[in-house]
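One file, entry_5.txt, carrying compact mmCIF, N, CA and C atoms:
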# COMPACT_ATOMS: atom_id res chain seq x y z
N MET A 10 70.49 109.83 72.96
CA MET A 10 71.94 109.82 72.78
C MET A 10 72.58 110.10 74.14
N ASN A 11 73.54 109.27 74.53
CA ASN A 11 74.18 109.48 75.83
C ASN A 11 75.39 110.42 75.69
N VAL A 12 75.98 110.74 76.82
CA VAL A 12 77.09 111.70 76.86
C VAL A 12 78.27 111.22 76.01
N GLN A 13 78.61 109.93 76.07
CA GLN A 13 79.75 109.41 75.32
C GLN A 13 79.52 109.53 73.81
N GLU A 14 78.30 109.24 73.35
CA GLU A 14 78.01 109.31 71.92
C GLU A 14 78.13 110.72 71.39
N GLU A 15 77.83 111.71 72.20
CA GLU A 15 77.94 113.10 71.79
C GLU A 15 79.38 113.59 71.82
N GLY A 16 80.30 112.82 72.40
CA GLY A 16 81.69 113.21 72.46
C GLY A 16 82.03 114.10 73.64
N HIS A 17 81.13 114.22 74.57
CA HIS A 17 81.40 115.03 75.76
C HIS A 17 82.03 114.19 76.85
N VAL A 18 82.91 114.82 77.58
CA VAL A 18 83.56 114.17 78.71
C VAL A 18 82.98 114.81 79.97
N PRO A 19 82.69 114.01 81.00
CA PRO A 19 82.15 114.60 82.23
C PRO A 19 83.04 115.75 82.73
N ARG A 20 82.40 116.79 83.24
CA ARG A 20 83.09 118.00 83.67
C ARG A 20 84.21 117.73 84.67
N ARG A 21 84.02 116.74 85.56
CA ARG A 21 85.04 116.50 86.58
C ARG A 21 86.37 116.06 85.97
N PHE A 22 86.36 115.60 84.70
CA PHE A 22 87.60 115.20 84.04
C PHE A 22 88.21 116.31 83.20
N THR A 23 87.50 117.43 83.05
CA THR A 23 88.02 118.52 82.22
C THR A 23 88.09 119.84 82.97
N SER A 24 87.73 119.85 84.22
CA SER A 24 87.80 121.09 84.99
C SER A 24 89.19 121.23 85.59
N GLY A 25 89.35 122.14 86.52
CA GLY A 25 90.64 122.32 87.18
C GLY A 25 91.50 123.34 86.47
N PRO A 26 92.62 123.70 87.08
CA PRO A 26 93.47 124.78 86.56
C PRO A 26 94.08 124.51 85.18
N HIS A 27 94.23 123.26 84.79
CA HIS A 27 94.85 122.93 83.50
C HIS A 27 93.92 122.09 82.63
N ASN A 28 92.62 122.12 82.96
CA ASN A 28 91.61 121.31 82.26
C ASN A 28 91.96 119.83 82.25
N LEU A 29 92.58 119.37 83.32
CA LEU A 29 92.95 117.96 83.46
C LEU A 29 92.08 117.24 84.49
N GLY A 30 91.12 117.94 85.04
CA GLY A 30 90.25 117.39 86.07
C GLY A 30 90.41 118.15 87.36
N ASP A 31 89.41 118.02 88.20
CA ASP A 31 89.40 118.69 89.49
C ASP A 31 90.46 118.05 90.39
N PRO A 32 91.46 118.82 90.84
CA PRO A 32 92.51 118.25 91.70
C PRO A 32 91.96 117.66 93.01
N ASP A 33 90.82 118.16 93.47
CA ASP A 33 90.26 117.70 94.74
C ASP A 33 89.30 116.52 94.58
N ASP A 34 89.02 116.12 93.34
CA ASP A 34 88.13 114.99 93.09
C ASP A 34 88.84 113.69 93.48
N LYS A 35 88.25 112.92 94.36
CA LYS A 35 88.86 111.67 94.82
C LYS A 35 88.17 110.43 94.25
N SER A 36 87.22 110.63 93.33
CA SER A 36 86.57 109.46 92.72
C SER A 36 87.55 108.79 91.76
N LEU A 37 87.37 107.50 91.57
CA LEU A 37 88.27 106.73 90.73
C LEU A 37 87.51 106.11 89.56
N ARG A 38 88.12 106.13 88.39
CA ARG A 38 87.56 105.48 87.21
C ARG A 38 87.96 104.01 87.23
N LYS A 39 87.27 103.21 86.44
CA LYS A 39 87.53 101.77 86.39
C LYS A 39 88.99 101.49 86.02
N VAL A 40 89.54 102.20 85.05
CA VAL A 40 90.93 101.96 84.63
C VAL A 40 91.91 102.29 85.76
N GLU A 41 91.59 103.26 86.58
CA GLU A 41 92.46 103.59 87.71
C GLU A 41 92.45 102.46 88.75
N ILE A 42 91.25 101.93 89.00
CA ILE A 42 91.09 100.86 89.99
C ILE A 42 91.69 99.55 89.48
N ASP A 43 91.47 99.24 88.20
CA ASP A 43 91.86 97.94 87.65
C ASP A 43 93.27 97.89 87.09
N VAL A 44 93.84 99.04 86.71
CA VAL A 44 95.14 99.04 86.04
C VAL A 44 96.18 99.90 86.76
N LEU A 45 95.88 101.16 86.97
CA LEU A 45 96.89 102.10 87.47
C LEU A 45 97.27 101.86 88.92
N ILE A 46 96.30 101.65 89.79
CA ILE A 46 96.61 101.39 91.20
C ILE A 46 97.30 100.02 91.36
N PRO A 47 96.82 98.96 90.68
CA PRO A 47 97.55 97.69 90.76
C PRO A 47 99.00 97.79 90.27
N LYS A 48 99.27 98.65 89.30
CA LYS A 48 100.66 98.84 88.84
C LYS A 48 101.51 99.40 89.97
N ILE A 49 101.00 100.38 90.70
CA ILE A 49 101.72 100.92 91.86
C ILE A 49 101.94 99.81 92.89
N MET A 50 100.90 99.01 93.13
CA MET A 50 101.02 97.91 94.09
C MET A 50 102.11 96.94 93.67
N ARG A 51 102.10 96.56 92.40
CA ARG A 51 103.09 95.61 91.88
C ARG A 51 104.51 96.17 92.00
N ASP A 52 104.68 97.42 91.57
CA ASP A 52 106.01 98.04 91.63
C ASP A 52 106.51 98.17 93.06
N ARG A 53 105.63 98.61 93.95
CA ARG A 53 106.04 98.76 95.35
C ARG A 53 106.32 97.41 96.00
N ALA A 54 105.48 96.42 95.73
CA ALA A 54 105.67 95.09 96.32
C ALA A 54 107.03 94.53 95.89
N ARG A 55 107.36 94.67 94.61
CA ARG A 55 108.64 94.14 94.12
C ARG A 55 109.82 94.92 94.69
N ALA A 56 109.68 96.23 94.81
CA ALA A 56 110.81 97.08 95.23
C ALA A 56 110.97 97.20 96.74
N GLU A 57 109.86 97.04 97.49
CA GLU A 57 109.91 97.32 98.93
C GLU A 57 109.57 96.12 99.82
N LYS A 58 108.73 95.21 99.34
CA LYS A 58 108.19 94.16 100.21
C LYS A 58 108.78 92.77 99.93
N CYS A 59 109.10 92.50 98.68
CA CYS A 59 109.56 91.16 98.29
C CYS A 59 110.97 91.23 97.72
N ILE A 60 111.81 92.02 98.33
CA ILE A 60 113.15 92.28 97.79
C ILE A 60 113.98 91.00 97.67
N SER A 61 114.05 90.21 98.72
CA SER A 61 114.89 89.01 98.66
C SER A 61 114.32 87.99 97.68
N GLU A 62 113.00 87.89 97.59
CA GLU A 62 112.38 86.96 96.65
C GLU A 62 112.68 87.36 95.21
N VAL A 63 112.63 88.65 94.93
CA VAL A 63 112.96 89.15 93.59
C VAL A 63 114.42 88.85 93.27
N MET A 64 115.30 89.13 94.23
CA MET A 64 116.73 88.89 94.01
C MET A 64 117.03 87.41 93.78
N ASP A 65 116.40 86.54 94.58
CA ASP A 65 116.61 85.10 94.42
C ASP A 65 116.13 84.62 93.05
N PHE A 66 114.96 85.11 92.62
CA PHE A 66 114.42 84.71 91.32
C PHE A 66 115.31 85.22 90.19
N GLU A 67 115.73 86.48 90.26
CA GLU A 67 116.60 87.04 89.23
C GLU A 67 117.93 86.29 89.16
N LYS A 68 118.50 85.98 90.31
CA LYS A 68 119.78 85.24 90.34
C LYS A 68 119.61 83.86 89.71
N CYS A 69 118.53 83.18 90.07
CA CYS A 69 118.28 81.86 89.51
C CYS A 69 118.14 81.95 87.98
N CYS A 70 117.41 82.93 87.50
CA CYS A 70 117.22 83.09 86.05
C CYS A 70 118.55 83.35 85.35
N LYS A 71 119.37 84.21 85.93
CA LYS A 71 120.68 84.51 85.33
C LYS A 71 121.58 83.28 85.31
N ASP A 72 121.53 82.50 86.39
CA ASP A 72 122.38 81.32 86.50
C ASP A 72 121.89 80.14 85.64
N SER A 73 120.60 80.14 85.30
CA SER A 73 120.01 78.98 84.63
C SER A 73 119.88 79.12 83.12
N GLY A 74 119.98 80.32 82.61
CA GLY A 74 119.86 80.53 81.17
C GLY A 74 118.53 80.05 80.63
N VAL A 75 118.57 79.30 79.53
CA VAL A 75 117.34 78.85 78.87
C VAL A 75 116.56 77.83 79.70
N LEU A 76 117.19 77.24 80.70
CA LEU A 76 116.50 76.27 81.54
C LEU A 76 115.78 76.91 82.73
N MET A 77 115.74 78.24 82.75
CA MET A 77 115.17 78.93 83.92
C MET A 77 113.72 78.53 84.19
N VAL A 78 112.94 78.25 83.15
CA VAL A 78 111.54 77.88 83.36
C VAL A 78 111.44 76.64 84.24
N VAL A 79 112.32 75.71 84.03
CA VAL A 79 112.31 74.46 84.80
C VAL A 79 113.04 74.63 86.13
N LYS A 80 114.21 75.24 86.09
CA LYS A 80 115.07 75.31 87.27
C LYS A 80 114.61 76.32 88.33
N CYS A 81 113.83 77.32 87.94
CA CYS A 81 113.50 78.40 88.88
C CYS A 81 112.05 78.35 89.35
N ARG A 82 111.42 77.21 89.24
CA ARG A 82 110.01 77.11 89.67
C ARG A 82 109.84 77.46 91.15
N ARG A 83 110.73 76.94 91.97
CA ARG A 83 110.62 77.20 93.42
C ARG A 83 110.73 78.69 93.71
N GLU A 84 111.74 79.35 93.11
CA GLU A 84 111.94 80.78 93.33
C GLU A 84 110.76 81.59 92.77
N ASN A 85 110.25 81.15 91.62
CA ASN A 85 109.11 81.83 91.01
C ASN A 85 107.87 81.71 91.90
N ASN A 86 107.63 80.51 92.42
CA ASN A 86 106.47 80.30 93.30
C ASN A 86 106.61 81.10 94.59
N THR A 87 107.81 81.17 95.13
CA THR A 87 108.04 81.95 96.34
C THR A 87 107.77 83.43 96.08
N LEU A 88 108.27 83.93 94.94
CA LEU A 88 108.03 85.33 94.57
C LEU A 88 106.54 85.60 94.37
N LYS A 89 105.87 84.72 93.64
CA LYS A 89 104.43 84.90 93.41
C LYS A 89 103.66 84.90 94.73
N GLY A 90 104.05 84.02 95.65
CA GLY A 90 103.39 83.97 96.96
C GLY A 90 103.56 85.28 97.73
N CYS A 91 104.76 85.82 97.69
CA CYS A 91 105.02 87.10 98.37
C CYS A 91 104.20 88.22 97.74
N LEU A 92 104.23 88.30 96.42
CA LEU A 92 103.48 89.36 95.73
C LEU A 92 101.99 89.24 95.99
N THR A 93 101.46 88.03 95.93
CA THR A 93 100.03 87.81 96.17
C THR A 93 99.64 88.24 97.57
N LYS A 94 100.49 87.94 98.54
CA LYS A 94 100.23 88.35 99.93
C LYS A 94 100.02 89.87 100.00
N TRP A 95 100.86 90.63 99.30
CA TRP A 95 100.75 92.08 99.34
C TRP A 95 99.59 92.60 98.50
N TYR A 96 99.28 91.93 97.37
CA TYR A 96 98.14 92.35 96.55
C TYR A 96 96.83 92.21 97.31
N GLU A 97 96.79 91.24 98.22
CA GLU A 97 95.56 90.97 98.98
C GLU A 97 95.49 91.74 100.30
N ASP A 98 96.55 92.45 100.65
CA ASP A 98 96.61 93.20 101.91
C ASP A 98 95.85 94.53 101.75
N GLU A 99 94.75 94.67 102.47
CA GLU A 99 93.89 95.86 102.32
C GLU A 99 94.59 97.15 102.74
N ALA A 100 95.41 97.10 103.77
CA ALA A 100 96.13 98.30 104.20
C ALA A 100 97.12 98.75 103.12
N PHE A 101 97.82 97.79 102.51
CA PHE A 101 98.76 98.08 101.44
C PHE A 101 98.02 98.64 100.22
N LYS A 102 96.88 98.04 99.90
CA LYS A 102 96.05 98.51 98.78
C LYS A 102 95.62 99.96 99.03
N SER A 103 95.22 100.24 100.25
CA SER A 103 94.80 101.60 100.62
C SER A 103 95.96 102.59 100.51
N GLU A 104 97.15 102.20 100.95
CA GLU A 104 98.34 103.05 100.83
C GLU A 104 98.61 103.39 99.36
N CYS A 105 98.52 102.38 98.51
CA CYS A 105 98.81 102.57 97.08
C CYS A 105 97.74 103.45 96.43
N ARG A 106 96.49 103.29 96.86
CA ARG A 106 95.41 104.15 96.36
C ARG A 106 95.67 105.59 96.76
N LYS A 107 96.12 105.80 97.99
CA LYS A 107 96.44 107.14 98.48
C LYS A 107 97.60 107.74 97.67
N ILE A 108 98.64 106.96 97.42
CA ILE A 108 99.78 107.42 96.62
C ILE A 108 99.29 107.83 95.23
N TYR A 109 98.46 106.98 94.61
CA TYR A 109 97.95 107.29 93.28
C TYR A 109 97.17 108.60 93.29
N LEU A 110 96.27 108.75 94.25
CA LEU A 110 95.44 109.96 94.31
C LEU A 110 96.29 111.21 94.55
N GLU A 111 97.34 111.09 95.37
CA GLU A 111 98.23 112.24 95.59
C GLU A 111 98.96 112.62 94.30
N GLU A 112 99.44 111.62 93.57
CA GLU A 112 100.13 111.89 92.29
C GLU A 112 99.18 112.50 91.28
N ARG A 113 97.94 111.98 91.20
CA ARG A 113 96.95 112.50 90.26
C ARG A 113 96.56 113.93 90.63
N THR A 114 96.39 114.18 91.92
CA THR A 114 96.05 115.53 92.38
C THR A 114 97.14 116.51 91.98
N GLU A 115 98.39 116.13 92.20
CA GLU A 115 99.51 117.01 91.85
C GLU A 115 99.55 117.27 90.34
N PHE A 116 99.32 116.23 89.55
CA PHE A 116 99.29 116.38 88.09
C PHE A 116 98.17 117.32 87.67
N ARG A 117 96.99 117.11 88.22
CA ARG A 117 95.86 117.97 87.86
C ARG A 117 96.09 119.42 88.31
N ARG A 118 96.75 119.59 89.45
CA ARG A 118 97.00 120.93 89.97
C ARG A 118 98.05 121.68 89.16
N THR A 119 99.13 120.97 88.76
CA THR A 119 100.26 121.63 88.10
C THR A 119 100.34 121.42 86.60
N GLY A 120 99.75 120.33 86.11
CA GLY A 120 99.89 119.98 84.70
C GLY A 120 101.20 119.29 84.39
N VAL A 121 101.99 118.97 85.43
CA VAL A 121 103.29 118.33 85.25
C VAL A 121 103.19 116.89 85.75
N SER A 122 103.56 115.93 84.91
CA SER A 122 103.47 114.52 85.29
C SER A 122 104.54 114.18 86.32
N LYS A 123 104.35 113.06 87.02
CA LYS A 123 105.33 112.59 88.00
C LYS A 123 106.67 112.35 87.33
N LYS A 124 106.65 111.73 86.17
CA LYS A 124 107.88 111.42 85.45
C LYS A 124 108.65 112.72 85.12
N ARG A 125 107.94 113.72 84.66
CA ARG A 125 108.59 115.00 84.32
C ARG A 125 109.10 115.71 85.58
N ARG A 126 108.34 115.63 86.68
CA ARG A 126 108.79 116.23 87.96
C ARG A 126 110.08 115.58 88.42
N GLU A 127 110.16 114.24 88.28
CA GLU A 127 111.37 113.52 88.70
C GLU A 127 112.56 113.88 87.82
N GLN A 128 112.34 114.12 86.54
CA GLN A 128 113.41 114.50 85.63
C GLN A 128 113.94 115.90 85.95
N GLN A 129 113.08 116.76 86.47
CA GLN A 129 113.48 118.14 86.77
C GLN A 129 114.34 118.22 88.02
N HIS A 130 114.29 117.20 88.87
CA HIS A 130 115.05 117.24 90.13
C HIS A 130 116.35 116.54 90.01
Would you put the structure from the file into structure tokens?
Amino acid sequence: MNVQEEGHVPRRFTSGPHNLGDPDDKSLRKVEIDVLIPKIMRDRARAEKCISEVMDFEKCCKDSGVLMVVKCRRENNTLKGCLTKWYEDEAFKSECRKIYLEERTEFRRTGVSKKRREQQH
């Protein structure tokens, strides 16, 4: 019987001051690599790197109504190209991984999520 079948979670995920995991642990789970870090990359790319492309696409969609699928292909392709450029940028990927690990460390250390910390300020 393996650890998962017994219902045990590895200690590194349940240790720490709030039993949320070791704040100093920098290892990443598959879901963090495949889902959580890419979400940060996507959000940052849209908000910081591809601002004009996002604005152009949004404007086209608003102006085109139900025909946006046909009328906004150029803007959509331009936006996708910009986002893909940043998704493939190793330095950007590394920055986003660092941001994720800092947020996770703070959560594990304090027990307070980023969303709740932002609401308190």
Which residues of region 96-129 of chain A sit at most 6.5 Å from region 45-51 of chain A, using only N, CA and C atoms? Give each one's shortest atom pair and distance in Å (one decimal place), in chain and ascending residue order, as CSV.
residue,atom,partner,partner_atom,distance
A:Cys105,CA,A:Met50,N,5.7
A:Arg106,N,A:Ile46,CA,6.0
A:Tyr109,CA,A:Ile46,CA,6.4
| said: Please list as a list of chain:residue names every residue within 9 Å of region 25-41 of chain A, counting only C-alpha atoms and excluding residues in the same chain fewer than 6 positions away. | reply: A:Pro47, A:Tyr109, A:Leu110, A:Arg113, A:Thr114, A:Glu115, A:Phe116, A:Arg117, A:Arg118, A:Thr119, A:Gly120
| message | Please compute the CA of Gln128 (chain A)-CA of Arg53 (chain A) distance, one decimal, in Å. | response | 19.9 Å
| request: Excluding Val63 (chain A) and any residue of its chain fewer than 5 positions from it, enumerate the residues within 8 Å of it, using all atoms listed in the file, and give them as a PyMOL selection string. | output: chain A and resi 55-56+58+68-69+84+87-89
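Counting from CA of Cys70 (chain A), the distance to CA of Phe101 (chain A) is 28.3 Å.
Shortest separation to Asp43 (chain A) among A:Arg82, A:Lys107, A:Lys102, A:Arg125 occurs at residue A:Lys102, atoms counted being only C-alpha atoms.
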| said: Could you tell me how far CA of Glu67 (chain A) sits from atom C of Cys91 (chain A), in Å to one decimal place? | reply: 15.1 Å
Since the input lacks some atoms of region 33-49 of chain A, please model N, CA, C and O atoms and print them as a PDB file, in the coordinates of the input.
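Written file, result.pdb:
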ATOM      1  N   ASP A  33      90.820 118.160  93.470  1.00  0.00           N
ATOM      2  CA  ASP A  33      90.260 117.700  94.740  1.00  0.00           C
ATOM      3  C   ASP A  33      89.300 116.520  94.580  1.00  0.00           C
ATOM      4  O   ASP A  33      88.828 115.982  95.562  1.00  0.00           O
ATOM      5  N   ASP A  34      89.020 116.120  93.340  1.00  0.00           N
ATOM      6  CA  ASP A  34      88.130 114.990  93.090  1.00  0.00           C
ATOM      7  C   ASP A  34      88.840 113.690  93.480  1.00  0.00           C
ATOM      8  O   ASP A  34      89.932 113.403  92.993  1.00  0.00           O
ATOM      9  N   LYS A  35      88.250 112.920  94.360  1.00  0.00           N
ATOM     10  CA  LYS A  35      88.860 111.670  94.820  1.00  0.00           C
ATOM     11  C   LYS A  35      88.170 110.430  94.250  1.00  0.00           C
ATOM     12  O   LYS A  35      88.490 109.307  94.626  1.00  0.00           O
ATOM     13  N   SER A  36      87.220 110.630  93.330  1.00  0.00           N
ATOM     14  CA  SER A  36      86.570 109.460  92.720  1.00  0.00           C
ATOM     15  C   SER A  36      87.550 108.790  91.760  1.00  0.00           C
ATOM     16  O   SER A  36      88.467 109.427  91.241  1.00  0.00           O
ATOM     17  N   LEU A  37      87.370 107.500  91.570  1.00  0.00           N
ATOM     18  CA  LEU A  37      88.270 106.730  90.730  1.00  0.00           C
ATOM     19  C   LEU A  37      87.510 106.110  89.560  1.00  0.00           C
ATOM     20  O   LEU A  37      86.409 105.600  89.735  1.00  0.00           O
ATOM     21  N   ARG A  38      88.120 106.130  88.390  1.00  0.00           N
ATOM     22  CA  ARG A  38      87.560 105.480  87.210  1.00  0.00           C
ATOM     23  C   ARG A  38      87.960 104.010  87.230  1.00  0.00           C
ATOM     24  O   ARG A  38      88.893 103.611  87.930  1.00  0.00           O
ATOM     25  N   LYS A  39      87.270 103.210  86.440  1.00  0.00           N
ATOM     26  CA  LYS A  39      87.530 101.770  86.390  1.00  0.00           C
ATOM     27  C   LYS A  39      88.990 101.490  86.020  1.00  0.00           C
ATOM     28  O   LYS A  39      89.628 100.640  86.638  1.00  0.00           O
ATOM     29  N   VAL A  40      89.540 102.200  85.050  1.00  0.00           N
ATOM     30  CA  VAL A  40      90.930 101.960  84.630  1.00  0.00           C
ATOM     31  C   VAL A  40      91.910 102.290  85.760  1.00  0.00           C
ATOM     32  O   VAL A  40      92.939 101.626  85.903  1.00  0.00           O
ATOM     33  N   GLU A  41      91.590 103.260  86.580  1.00  0.00           N
ATOM     34  CA  GLU A  41      92.460 103.590  87.710  1.00  0.00           C
ATOM     35  C   GLU A  41      92.450 102.460  88.750  1.00  0.00           C
ATOM     36  O   GLU A  41      93.493 102.078  89.276  1.00  0.00           O
ATOM     37  N   ILE A  42      91.250 101.930  89.000  1.00  0.00           N
ATOM     38  CA  ILE A  42      91.090 100.860  89.990  1.00  0.00           C
ATOM     39  C   ILE A  42      91.690  99.550  89.480  1.00  0.00           C
ATOM     40  O   ILE A  42      92.381  98.835  90.213  1.00  0.00           O
ATOM     41  N   ASP A  43      91.470  99.240  88.200  1.00  0.00           N
ATOM     42  CA  ASP A  43      91.860  97.940  87.650  1.00  0.00           C
ATOM     43  C   ASP A  43      93.270  97.890  87.090  1.00  0.00           C
ATOM     44  O   ASP A  43      93.842  96.808  86.965  1.00  0.00           O
ATOM     45  N   VAL A  44      93.840  99.040  86.710  1.00  0.00           N
ATOM     46  CA  VAL A  44      95.140  99.040  86.040  1.00  0.00           C
ATOM     47  C   VAL A  44      96.180  99.900  86.760  1.00  0.00           C
ATOM     48  O   VAL A  44      97.262  99.419  87.115  1.00  0.00           O
ATOM     49  N   LEU A  45      95.880 101.160  86.970  1.00  0.00           N
ATOM     50  CA  LEU A  45      96.890 102.100  87.470  1.00  0.00           C
ATOM     51  C   LEU A  45      97.270 101.860  88.920  1.00  0.00           C
ATOM     52  O   LEU A  45      98.462 101.854  89.259  1.00  0.00           O
ATOM     53  N   ILE A  46      96.300 101.650  89.790  1.00  0.00           N
ATOM     54  CA  ILE A  46      96.610 101.390  91.200  1.00  0.00           C
ATOM     55  C   ILE A  46      97.300 100.020  91.360  1.00  0.00           C
ATOM     56  O   ILE A  46      98.304  99.929  92.063  1.00  0.00           O
ATOM     57  N   PRO A  47      96.820  98.960  90.680  1.00  0.00           N
ATOM     58  CA  PRO A  47      97.550  97.690  90.760  1.00  0.00           C
ATOM     59  C   PRO A  47      99.000  97.790  90.270  1.00  0.00           C
ATOM     60  O   PRO A  47      99.871  97.085  90.782  1.00  0.00           O
ATOM     61  N   LYS A  48      99.270  98.650  89.300  1.00  0.00           N
ATOM     62  CA  LYS A  48     100.660  98.840  88.840  1.00  0.00           C
ATOM     63  C   LYS A  48     101.510  99.400  89.970  1.00  0.00           C
ATOM     64  O   LYS A  48     102.639  98.950  90.190  1.00  0.00           O
ATOM     65  N   ILE A  49     101.000 100.380  90.700  1.00  0.00           N
ATOM     66  CA  ILE A  49     101.720 100.920  91.860  1.00  0.00           C
ATOM     67  C   ILE A  49     101.940  99.810  92.890  1.00  0.00           C
ATOM     68  O   ILE A  49     103.032  99.681  93.446  1.00  0.00           O
TER      69      ILE A  49
END
